[in-house]
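Asker: Here you go, start-v3.cif (mmCIF, C-alpha atoms, pLDDT in the B column; chains and numbers go by the auth columns):
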data_my_file
#
loop_
_atom_site.group_PDB
_atom_site.id
_atom_site.type_symbol
_atom_site.label_atom_id
_atom_site.label_comp_id
_atom_site.label_asym_id
_atom_site.label_seq_id
_atom_site.Cartn_x
_atom_site.Cartn_y
_atom_site.Cartn_z
_atom_site.B_iso_or_equiv
_atom_site.auth_seq_id
_atom_site.auth_asym_id
ATOM 1 C CA MET A 1 14.444 -13.380 10.605 52.00 24 Q
ATOM 2 C CA GLN A 2 13.115 -16.733 11.694 52.00 25 Q
ATOM 3 C CA GLU A 3 14.888 -16.411 15.020 51.00 26 Q
ATOM 4 C CA GLY A 4 13.750 -12.829 15.539 57.00 27 Q
ATOM 5 C CA ARG A 5 17.083 -11.214 14.672 66.00 28 Q
ATOM 6 C CA GLU A 6 15.718 -8.751 12.152 70.00 29 Q
ATOM 7 C CA SER A 7 18.620 -6.336 12.397 66.00 30 Q
ATOM 8 C CA GLU A 8 20.961 -9.116 11.248 73.00 31 Q
ATOM 9 C CA ALA A 9 18.558 -9.971 8.431 73.00 32 Q
ATOM 10 C CA VAL A 10 19.034 -6.590 6.754 69.00 33 Q
ATOM 11 C CA GLY A 11 22.802 -7.049 6.696 67.00 34 Q
ATOM 12 C CA ALA A 12 22.476 -10.592 5.356 69.00 35 Q
ATOM 13 C CA LEU A 13 20.119 -9.461 2.603 73.00 36 Q
ATOM 14 C CA GLN A 14 22.458 -6.649 1.622 71.00 37 Q
ATOM 15 C CA ARG A 15 25.469 -8.969 1.565 69.00 38 Q
ATOM 16 C CA ALA A 16 23.565 -11.475 -0.596 68.00 39 Q
ATOM 17 C CA GLU A 17 22.569 -8.728 -2.985 70.00 40 Q
ATOM 18 C CA ASP A 18 26.146 -7.410 -3.164 66.00 41 Q
ATOM 19 C CA LEU A 19 27.397 -10.920 -3.857 63.00 42 Q
ATOM 20 C CA LEU A 20 24.831 -11.363 -6.618 64.00 43 Q
ATOM 21 C CA GLN A 21 26.087 -8.167 -8.256 66.00 44 Q
ATOM 22 C CA THR A 22 29.591 -9.650 -8.521 68.00 45 Q
ATOM 23 C CA ILE A 23 28.335 -12.574 -10.612 68.00 46 Q
ATOM 24 C CA PRO A 24 28.325 -11.682 -14.320 69.00 47 Q
ATOM 25 C CA PRO A 25 24.881 -12.181 -15.918 68.00 48 Q
ATOM 26 C CA THR A 26 26.407 -14.661 -18.369 69.00 49 Q
ATOM 27 C CA ARG A 27 27.518 -16.917 -15.479 66.00 50 Q
ATOM 28 C CA SER A 28 24.001 -17.734 -14.276 67.00 51 Q
ATOM 29 C CA PRO A 29 20.871 -18.444 -16.292 67.00 52 Q
ATOM 30 C CA PRO A 30 18.127 -15.790 -16.166 67.00 53 Q
ATOM 31 C CA THR A 31 15.782 -18.211 -14.397 72.00 54 Q
ATOM 32 C CA ARG A 32 18.312 -18.682 -11.585 71.00 55 Q
ATOM 33 C CA ARG A 33 18.828 -14.937 -11.269 75.00 56 Q
ATOM 34 C CA ASP A 34 15.037 -14.438 -11.137 75.00 57 Q
ATOM 35 C CA GLU A 35 14.823 -17.079 -8.428 83.00 58 Q
ATOM 36 C CA VAL A 36 17.438 -15.277 -6.356 82.00 59 Q
ATOM 37 C CA ASP A 37 15.607 -11.980 -6.926 83.00 60 Q
ATOM 38 C CA GLN A 38 12.399 -13.653 -5.693 89.00 61 Q
ATOM 39 C CA ARG A 39 14.136 -14.759 -2.510 90.00 62 Q
ATOM 40 C CA LEU A 40 15.677 -11.353 -1.930 90.00 63 Q
ATOM 41 C CA TRP A 41 12.324 -9.677 -2.580 93.00 64 Q
ATOM 42 C CA TRP A 42 10.683 -12.045 -0.105 92.00 65 Q
ATOM 43 C CA GLY A 43 13.290 -11.283 2.558 91.00 66 Q
ATOM 44 C CA TYR A 44 12.895 -7.518 2.260 91.00 67 Q
ATOM 45 C CA ALA A 45 9.099 -7.714 1.946 95.00 68 Q
ATOM 46 C CA GLU A 46 8.787 -10.058 4.920 93.00 69 Q
ATOM 47 C CA LEU A 47 11.005 -7.875 7.082 93.00 70 Q
ATOM 48 C CA GLY A 48 9.019 -4.771 6.113 95.00 71 Q
ATOM 49 C CA SER A 49 5.701 -6.535 6.701 95.00 72 Q
ATOM 50 C CA ARG A 50 6.729 -7.715 10.152 93.00 73 Q
ATOM 51 C CA ARG A 51 7.715 -4.209 11.082 94.00 74 Q
ATOM 52 C CA LEU A 52 4.450 -2.852 9.661 97.00 75 Q
ATOM 53 C CA ASP A 53 2.447 -5.341 11.693 95.00 76 Q
ATOM 54 C CA ALA A 54 4.347 -4.236 14.802 94.00 77 Q
ATOM 55 C CA GLY A 55 3.507 -0.577 14.065 96.00 78 Q
ATOM 56 C CA ASP A 56 7.150 0.288 13.328 96.00 79 Q
ATOM 57 C CA TYR A 57 6.294 2.286 10.206 97.00 80 Q
ATOM 58 C CA GLU A 58 9.582 4.159 9.969 96.00 81 Q
ATOM 59 C CA GLU A 59 11.576 0.924 10.281 95.00 82 Q
ATOM 60 C CA ALA A 60 9.335 -0.844 7.753 96.00 83 Q
ATOM 61 C CA LEU A 61 9.729 1.704 4.985 96.00 84 Q
ATOM 62 C CA ASP A 62 13.321 1.056 3.854 94.00 85 Q
ATOM 63 C CA PRO A 63 13.021 -2.728 3.419 95.00 86 Q
ATOM 64 C CA LEU A 64 9.679 -2.280 1.652 96.00 87 Q
ATOM 65 C CA ILE A 65 11.122 0.304 -0.721 95.00 88 Q
ATOM 66 C CA HIS A 66 14.000 -2.043 -1.374 92.00 89 Q
ATOM 67 C CA ALA A 67 11.556 -4.881 -2.097 94.00 90 Q
ATOM 68 C CA LEU A 68 9.673 -2.626 -4.500 92.00 91 Q
ATOM 69 C CA ARG A 69 12.801 -2.243 -6.633 89.00 92 Q
ATOM 70 C CA PHE A 70 12.726 -5.915 -7.665 87.00 93 Q
ATOM 71 C CA THR A 71 10.905 -5.684 -10.971 83.00 94 Q
ATOM 72 C CA SER A 72 11.155 -9.382 -11.820 83.00 95 Q
ATOM 73 C CA ILE A 73 8.705 -10.414 -9.089 86.00 96 Q
ATOM 74 C CA GLY A 74 5.587 -10.033 -11.198 88.00 97 Q
ATOM 75 C CA PRO A 75 2.650 -7.624 -11.114 92.00 98 Q
ATOM 76 C CA GLU A 76 0.762 -9.273 -8.237 93.00 99 Q
ATOM 77 C CA ARG A 77 3.716 -9.132 -5.873 93.00 100 Q
ATOM 78 C CA GLN A 78 4.558 -5.618 -7.079 92.00 101 Q
ATOM 79 C CA ALA A 79 1.014 -4.524 -6.171 94.00 102 Q
ATOM 80 C CA GLU A 80 1.302 -6.239 -2.795 94.00 103 Q
ATOM 81 C CA THR A 81 4.581 -4.466 -2.111 95.00 104 Q
ATOM 82 C CA ARG A 82 3.219 -1.081 -3.253 96.00 105 Q
ATOM 83 C CA ALA A 83 0.265 -1.510 -0.868 97.00 106 Q
ATOM 84 C CA ALA A 84 2.670 -2.192 2.003 97.00 107 Q
ATOM 85 C CA VAL A 85 4.722 0.922 1.150 98.00 108 Q
ATOM 86 C CA VAL A 86 1.489 2.942 1.140 98.00 109 Q
ATOM 87 C CA ARG A 87 0.567 1.558 4.572 98.00 110 Q
ATOM 88 C CA ALA A 88 4.008 2.475 5.895 98.00 111 Q
ATOM 89 C CA LEU A 89 3.763 6.026 4.535 98.00 112 Q
ATOM 90 C CA GLU A 90 0.267 6.434 5.967 98.00 113 Q
ATOM 91 C CA GLY A 91 1.483 5.199 9.347 98.00 114 Q
ATOM 92 C CA ILE A 92 4.494 7.507 9.285 98.00 115 Q
ATOM 93 C CA ALA A 93 2.265 10.451 8.352 97.00 116 Q
ATOM 94 C CA ALA A 94 -0.083 9.701 11.253 97.00 117 Q
ATOM 95 C CA VAL A 95 2.661 9.298 13.856 97.00 118 Q
ATOM 96 C CA ARG A 96 4.748 12.241 12.702 97.00 119 Q
ATOM 97 C CA ALA A 97 1.720 14.535 12.359 97.00 120 Q
ATOM 98 C CA LEU A 98 0.906 13.945 16.010 97.00 121 Q
ATOM 99 C CA SER A 99 4.493 14.744 17.051 96.00 122 Q
ATOM 100 C CA ILE A 100 4.593 17.826 14.825 97.00 123 Q
ATOM 101 C CA ARG A 101 1.365 19.151 16.320 96.00 124 Q
ATOM 102 C CA ARG A 102 2.845 18.673 19.792 97.00 125 Q
ATOM 103 C CA LEU A 103 5.933 20.616 18.745 96.00 126 Q
ATOM 104 C CA ALA A 104 3.797 23.489 17.487 95.00 127 Q
ATOM 105 C CA GLU A 105 1.658 23.461 20.637 95.00 128 Q
ATOM 106 C CA ALA A 106 4.824 23.574 22.758 96.00 129 Q
ATOM 107 C CA GLY A 107 5.874 26.783 21.007 94.00 130 Q
ATOM 108 C CA SER A 108 8.368 25.296 18.556 95.00 131 Q
ATOM 109 C CA ARG A 109 6.487 26.381 15.450 94.00 132 Q
ATOM 110 C CA ASP A 110 9.602 26.829 13.286 94.00 133 Q
ATOM 111 C CA GLU A 111 10.784 23.336 14.161 96.00 134 Q
ATOM 112 C CA ALA A 112 7.290 22.002 13.451 96.00 135 Q
ATOM 113 C CA ILE A 113 7.262 23.673 10.037 95.00 136 Q
ATOM 114 C CA VAL A 114 10.601 22.093 9.117 96.00 137 Q
ATOM 115 C CA ALA A 115 9.349 18.674 10.274 97.00 138 Q
ATOM 116 C CA ALA A 116 6.104 19.097 8.325 96.00 139 Q
ATOM 117 C CA GLY A 117 8.096 19.979 5.202 95.00 140 Q
ATOM 118 C CA ASP A 118 10.214 16.853 5.678 96.00 141 Q
ATOM 119 C CA LEU A 119 7.083 14.753 6.084 97.00 142 Q
ATOM 120 C CA HIS A 120 5.574 16.245 2.937 96.00 143 Q
ATOM 121 C CA GLY A 121 8.780 15.441 1.060 96.00 144 Q
ATOM 122 C CA LEU A 122 8.741 11.854 2.309 97.00 145 Q
ATOM 123 C CA VAL A 123 5.172 11.261 1.150 97.00 146 Q
ATOM 124 C CA LYS A 124 5.936 12.958 -2.155 96.00 147 Q
ATOM 125 C CA ARG A 125 8.868 10.555 -2.577 95.00 148 Q
ATOM 126 C CA GLY A 126 6.251 7.822 -2.913 95.00 149 Q
ATOM 127 C CA LEU A 127 5.409 9.283 -6.321 95.00 150 Q
ATOM 128 C CA GLU A 128 9.036 8.844 -7.384 93.00 151 Q
ATOM 129 C CA LEU A 129 8.802 5.203 -6.312 92.00 152 Q
ATOM 130 C CA GLY A 130 5.955 4.615 -8.737 91.00 153 Q
ATOM 131 C CA LEU A 131 3.024 5.055 -6.376 95.00 154 Q
ATOM 132 C CA SER A 132 0.117 7.046 -7.717 94.00 155 Q
ATOM 133 C CA GLU A 133 -1.518 10.077 -6.139 94.00 156 Q
ATOM 134 C CA ASP A 134 -4.586 7.872 -5.638 96.00 157 Q
ATOM 135 C CA ASP A 135 -2.432 5.414 -3.675 96.00 158 Q
ATOM 136 C CA LEU A 136 -1.201 8.234 -1.477 97.00 159 Q
ATOM 137 C CA VAL A 137 -4.442 10.183 -1.111 97.00 160 Q
ATOM 138 C CA ALA A 138 -4.831 9.480 2.628 97.00 161 Q
ATOM 139 C CA ALA A 139 -1.211 10.326 3.472 97.00 162 Q
ATOM 140 C CA PHE A 140 -1.302 13.497 1.367 96.00 163 Q
ATOM 141 C CA ALA A 141 -4.603 14.543 2.979 96.00 164 Q
ATOM 142 C CA ARG A 142 -3.114 14.148 6.468 96.00 165 Q
ATOM 143 C CA VAL A 143 -0.040 16.171 5.502 96.00 166 Q
ATOM 144 C CA ARG A 144 -2.157 18.895 3.860 95.00 167 Q
ATOM 145 C CA ARG A 145 -4.318 19.238 6.994 95.00 168 Q
ATOM 146 C CA LEU A 146 -1.197 19.480 9.137 96.00 169 Q
ATOM 147 C CA CYS A 147 0.372 22.084 6.863 94.00 170 Q
ATOM 148 C CA GLU A 148 -2.840 24.108 6.839 94.00 171 Q
ATOM 149 C CA GLU A 149 -2.886 24.055 10.639 94.00 172 Q
ATOM 150 C CA LEU A 150 0.671 25.383 10.608 94.00 173 Q
ATOM 151 C CA GLY A 151 -0.143 28.004 7.962 91.00 174 Q
ATOM 152 C CA MET A 152 2.020 26.349 5.315 88.00 175 Q
ATOM 153 C CA ASP A 153 1.430 25.755 1.613 72.00 176 Q
ATOM 154 C CA ALA A 154 1.587 22.002 0.908 57.00 177 Q
ATOM 155 C CA ARG A 155 0.490 21.331 -2.621 54.00 178 Q
ATOM 156 C CA ALA A 156 1.294 17.781 -3.712 43.00 179 Q
#
Written as structure tokens, that's how I'd like the structure from this file.

Answerer:
Amino acid sequence: MQEGRESEAVGALQRAEDLLQTIPPTRSPPTRRDEVDQRLWWGYAELGSRRLDAGDYEEALDPLIHALRFTSIGPERQAETRAAVVRALEGIAAVRALSIRRLAEAGSRDEAIVAAGDLHGLVKRGLELGLSEDDLVAAFARVRRLCEELGMDARA
């Protein structure tokens, strides 16, 4: 990542994580494993944050979700990561809503309805990741407005 090769960073992080899984827990002390988890979390979180800052919300989401899965990072970093996932979902909702409206305006209402349903499902997935409805209130509100415009039922 330091040299701007983010696409290679994802592969390196995944390989490191796969390698870590091959090491039996009894072969490394818990503190060492936590340290490795911290580094992996940082790599995924940093990659996601860079993409967020660049406005690449779709590309930011996967590494941020992956970072969120590291439970050993502590509550402060968990909260930081959750906030970044929320930002990514809000950004995705904003960008996709605009595209979906354009689809509907161009006469592709059925396609727009399918895309709106997919967007609703994506935001709803945030709940499965441990985000609260309060965390996702802005994204859900945007999706609800879009669904109402399309004549859909989008209860969260």

Asker: When the PyMOL selection byres ((chain Q and resi 122) around 12) is applied to the structure above, which residues does it catch, written out as a PDB file with C-alpha atoms, in the coordinates of the input?

Answerer:
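Listing of out.pdb after writing:
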ATOM      1  CA  ILE Q 115       4.494   7.507   9.285  1.00 98.00           C
ATOM      2  CA  ALA Q 116       2.265  10.451   8.352  1.00 97.00           C
ATOM      3  CA  ALA Q 117      -0.083   9.701  11.253  1.00 97.00           C
ATOM      4  CA  VAL Q 118       2.661   9.298  13.856  1.00 97.00           C
ATOM      5  CA  ARG Q 119       4.748  12.241  12.702  1.00 97.00           C
ATOM      6  CA  ALA Q 120       1.720  14.535  12.359  1.00 97.00           C
ATOM      7  CA  LEU Q 121       0.906  13.945  16.010  1.00 97.00           C
ATOM      8  CA  ILE Q 123       4.593  17.826  14.825  1.00 97.00           C
ATOM      9  CA  ARG Q 124       1.365  19.151  16.320  1.00 96.00           C
ATOM     10  CA  ARG Q 125       2.845  18.673  19.792  1.00 97.00           C
ATOM     11  CA  LEU Q 126       5.933  20.616  18.745  1.00 96.00           C
ATOM     12  CA  ALA Q 127       3.797  23.489  17.487  1.00 95.00           C
ATOM     13  CA  GLU Q 128       1.658  23.461  20.637  1.00 95.00           C
ATOM     14  CA  ALA Q 129       4.824  23.574  22.758  1.00 96.00           C
ATOM     15  CA  SER Q 131       8.368  25.296  18.556  1.00 95.00           C
ATOM     16  CA  ARG Q 132       6.487  26.381  15.450  1.00 94.00           C
ATOM     17  CA  GLU Q 134      10.784  23.336  14.161  1.00 96.00           C
ATOM     18  CA  ALA Q 135       7.290  22.002  13.451  1.00 96.00           C
ATOM     19  CA  ILE Q 136       7.262  23.673  10.037  1.00 95.00           C
ATOM     20  CA  ALA Q 138       9.349  18.674  10.274  1.00 97.00           C
ATOM     21  CA  ALA Q 139       6.104  19.097   8.325  1.00 96.00           C
ATOM     22  CA  LEU Q 142       7.083  14.753   6.084  1.00 97.00           C
ATOM     23  CA  LEU Q 169      -1.197  19.480   9.137  1.00 96.00           C
TER      24      LEU Q 169
END

Asker: Of the candidates Q:Gly140, Q:Pro86, Q:Arg55, Q:Trp64, which shows the shortest atom-to-atom distance to Glu171 (chain Q), using all atoms listed in the file?

Answerer: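 Smallest distance to Glu171 (chain Q) is found for Q:Gly140.
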
Asker: With all atoms listed in the file as the basis for distance, which of Q:Gly71, Q:Gly153, Q:Gly174, Q:Gly130 is at the shortest distance from Gln101 (chain Q)?

Answerer: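 That would be Q:Gly153, the residue with the smallest distance to Gln101 (chain Q).
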
Asker: CA of Ala68 (chain Q) to CA of Arg92 (chain Q): how many Å, to one decimal?

Answerer: 10.8 Å

Asker: From the options Q:Glu99, Q:Val146, Q:Arg165, Q:Thr54, which residue's atoms come nearest to Leu112 (chain Q), counting only C-alpha atoms?

Answerer: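 Of Q:Glu99, Q:Val146, Q:Arg165, Q:Thr54, the one nearest Leu112 (chain Q), counting only C-alpha atoms, is Q:Val146.
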
Asker: Could you check how far CA of Gly78 (chain Q) sits from CA of Val166 (chain Q), in Å to one decimal?

Answerer: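 According to the coordinates, CA of Gly78 (chain Q) and CA of Val166 (chain Q) are separated by 19.1 Å.
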
Asker: Measuring atom to atom with only C-alpha atoms, identify which of Q:Leu173, Q:Leu36, Q:Val137, Q:Leu159 is nearest to Gly66 (chain Q).

Answerer: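 With only C-alpha atoms as the atom set, the closest residue is Q:Leu36.
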
Asker: Do you know which residues the PyMOL selection byres ((chain Q and resi 111) around 10) returns on this file, as a ChimeraX atom specification?

Answerer: /Q:71-72,74-76,78-85,87-88,105-110,112-117,162

Asker: Since the input lacks some atoms of region 64-75 of chain Q, please model all heavy atoms and print them as a JSON list (two decimals), in the frame of the given file.

Answerer:
[["chain", "number", "residue", "atom", "x", "y", "z"],
["Q", 64, "TRP", "N", 13.57, -10.44, -2.73],
["Q", 64, "TRP", "CA", 12.32, -9.68, -2.58],
["Q", 64, "TRP", "C", 11.57, -10.16, -1.35],
["Q", 64, "TRP", "O", 11.13, -9.37, -0.53],
["Q", 64, "TRP", "CB", 11.43, -9.83, -3.83],
["Q", 64, "TRP", "CG", 10.04, -9.34, -3.54],
["Q", 64, "TRP", "CD1", 9.62, -8.05, -3.57],
["Q", 64, "TRP", "CD2", 8.92, -10.13, -3.13],
["Q", 64, "TRP", "NE1", 8.28, -7.98, -3.20],
["Q", 64, "TRP", "CE2", 7.85, -9.25, -2.92],
["Q", 64, "TRP", "CE3", 8.72, -11.49, -2.90],
["Q", 64, "TRP", "CZ2", 6.59, -9.69, -2.51],
["Q", 64, "TRP", "CZ3", 7.47, -11.93, -2.50],
["Q", 64, "TRP", "CH2", 6.42, -11.03, -2.31],
["Q", 65, "TRP", "N", 11.43, -11.49, -1.23],
["Q", 65, "TRP", "CA", 10.68, -12.04, -0.10],
["Q", 65, "TRP", "C", 11.31, -11.62, 1.21],
["Q", 65, "TRP", "O", 10.60, -11.24, 2.16],
["Q", 65, "TRP", "CB", 10.63, -13.58, -0.16],
["Q", 65, "TRP", "CG", 9.83, -14.13, 0.97],
["Q", 65, "TRP", "CD1", 8.50, -14.32, 1.03],
["Q", 65, "TRP", "CD2", 10.34, -14.51, 2.27],
["Q", 65, "TRP", "NE1", 8.13, -14.80, 2.27],
["Q", 65, "TRP", "CE2", 9.25, -14.92, 3.05],
["Q", 65, "TRP", "CE3", 11.61, -14.53, 2.83],
["Q", 65, "TRP", "CZ2", 9.38, -15.35, 4.36],
["Q", 65, "TRP", "CZ3", 11.74, -14.96, 4.14],
["Q", 65, "TRP", "CH2", 10.64, -15.37, 4.89],
["Q", 66, "GLY", "N", 12.62, -11.67, 1.31],
["Q", 66, "GLY", "CA", 13.29, -11.28, 2.56],
["Q", 66, "GLY", "C", 13.01, -9.84, 2.93],
["Q", 66, "GLY", "O", 12.63, -9.55, 4.08],
["Q", 67, "TYR", "N", 13.16, -8.93, 1.98],
["Q", 67, "TYR", "CA", 12.90, -7.52, 2.26],
["Q", 67, "TYR", "C", 11.41, -7.28, 2.55],
["Q", 67, "TYR", "O", 11.06, -6.56, 3.49],
["Q", 67, "TYR", "CB", 13.34, -6.64, 1.09],
["Q", 67, "TYR", "CG", 14.83, -6.43, 1.00],
["Q", 67, "TYR", "CD1", 15.57, -6.96, -0.04],
["Q", 67, "TYR", "CD2", 15.50, -5.68, 1.95],
["Q", 67, "TYR", "CE1", 16.94, -6.77, -0.13],
["Q", 67, "TYR", "CE2", 16.88, -5.47, 1.88],
["Q", 67, "TYR", "CZ", 17.58, -6.02, 0.83],
["Q", 67, "TYR", "OH", 18.94, -5.82, 0.75],
["Q", 68, "ALA", "N", 10.54, -7.90, 1.75],
["Q", 68, "ALA", "CA", 9.10, -7.71, 1.95],
["Q", 68, "ALA", "C", 8.65, -8.28, 3.29],
["Q", 68, "ALA", "O", 7.83, -7.67, 3.99],
["Q", 68, "ALA", "CB", 8.32, -8.36, 0.79],
["Q", 69, "GLU", "N", 9.15, -9.43, 3.64],
["Q", 69, "GLU", "CA", 8.79, -10.06, 4.92],
["Q", 69, "GLU", "C", 9.26, -9.20, 6.09],
["Q", 69, "GLU", "O", 8.51, -8.99, 7.06],
["Q", 69, "GLU", "CB", 9.38, -11.47, 5.01],
["Q", 69, "GLU", "CG", 9.06, -12.19, 6.28],
["Q", 69, "GLU", "CD", 7.60, -12.55, 6.48],
["Q", 69, "GLU", "OE1", 6.82, -12.52, 5.50],
["Q", 69, "GLU", "OE2", 7.24, -12.86, 7.62],
["Q", 70, "LEU", "N", 10.47, -8.73, 6.02],
["Q", 70, "LEU", "CA", 11.00, -7.88, 7.08],
["Q", 70, "LEU", "C", 10.15, -6.61, 7.22],
["Q", 70, "LEU", "O", 9.76, -6.22, 8.32],
["Q", 70, "LEU", "CB", 12.46, -7.52, 6.78],
["Q", 70, "LEU", "CG", 13.16, -6.61, 7.78],
["Q", 70, "LEU", "CD1", 13.18, -7.23, 9.17],
["Q", 70, "LEU", "CD2", 14.58, -6.33, 7.29],
["Q", 71, "GLY", "N", 9.86, -5.97, 6.09],
["Q", 71, "GLY", "CA", 9.02, -4.77, 6.11],
["Q", 71, "GLY", "C", 7.63, -5.05, 6.65],
["Q", 71, "GLY", "O", 7.10, -4.29, 7.46],
["Q", 72, "SER", "N", 7.04, -6.18, 6.25],
["Q", 72, "SER", "CA", 5.70, -6.54, 6.70],
["Q", 72, "SER", "C", 5.66, -6.80, 8.20],
["Q", 72, "SER", "O", 4.71, -6.40, 8.88],
["Q", 72, "SER", "CB", 5.19, -7.76, 5.95],
["Q", 72, "SER", "OG", 4.98, -7.44, 4.60],
["Q", 73, "ARG", "N", 6.67, -7.47, 8.70],
["Q", 73, "ARG", "CA", 6.73, -7.72, 10.15],
["Q", 73, "ARG", "C", 6.80, -6.40, 10.92],
["Q", 73, "ARG", "O", 6.15, -6.24, 11.95],
["Q", 73, "ARG", "CB", 7.94, -8.58, 10.50],
["Q", 73, "ARG", "CG", 7.76, -10.02, 10.13],
["Q", 73, "ARG", "CD", 8.95, -10.83, 10.55],
["Q", 73, "ARG", "NE", 8.82, -12.21, 10.10],
["Q", 73, "ARG", "CZ", 9.57, -13.19, 10.56],
["Q", 73, "ARG", "NH1", 10.50, -12.97, 11.46],
["Q", 73, "ARG", "NH2", 9.39, -14.42, 10.10],
["Q", 74, "ARG", "N", 7.59, -5.51, 10.42],
["Q", 74, "ARG", "CA", 7.72, -4.21, 11.08],
["Q", 74, "ARG", "C", 6.41, -3.41, 10.98],
["Q", 74, "ARG", "O", 6.02, -2.73, 11.92],
["Q", 74, "ARG", "CB", 8.89, -3.44, 10.50],
["Q", 74, "ARG", "CG", 10.22, -4.05, 10.90],
["Q", 74, "ARG", "CD", 11.39, -3.38, 10.25],
["Q", 74, "ARG", "NE", 12.65, -3.90, 10.76],
["Q", 74, "ARG", "CZ", 13.83, -3.53, 10.32],
["Q", 74, "ARG", "NH1", 13.94, -2.63, 9.36],
["Q", 74, "ARG", "NH2", 14.93, -4.05, 10.84],
["Q", 75, "LEU", "N", 5.76, -3.51, 9.82],
["Q", 75, "LEU", "CA", 4.45, -2.85, 9.66],
["Q", 75, "LEU", "C", 3.46, -3.39, 10.68],
["Q", 75, "LEU", "O", 2.74, -2.63, 11.33],
["Q", 75, "LEU", "CB", 3.89, -3.12, 8.26],
["Q", 75, "LEU", "CG", 4.04, -2.08, 7.19],
["Q", 75, "LEU", "CD1", 3.36, -2.55, 5.91],
["Q", 75, "LEU", "CD2", 3.55, -0.73, 7.60]]
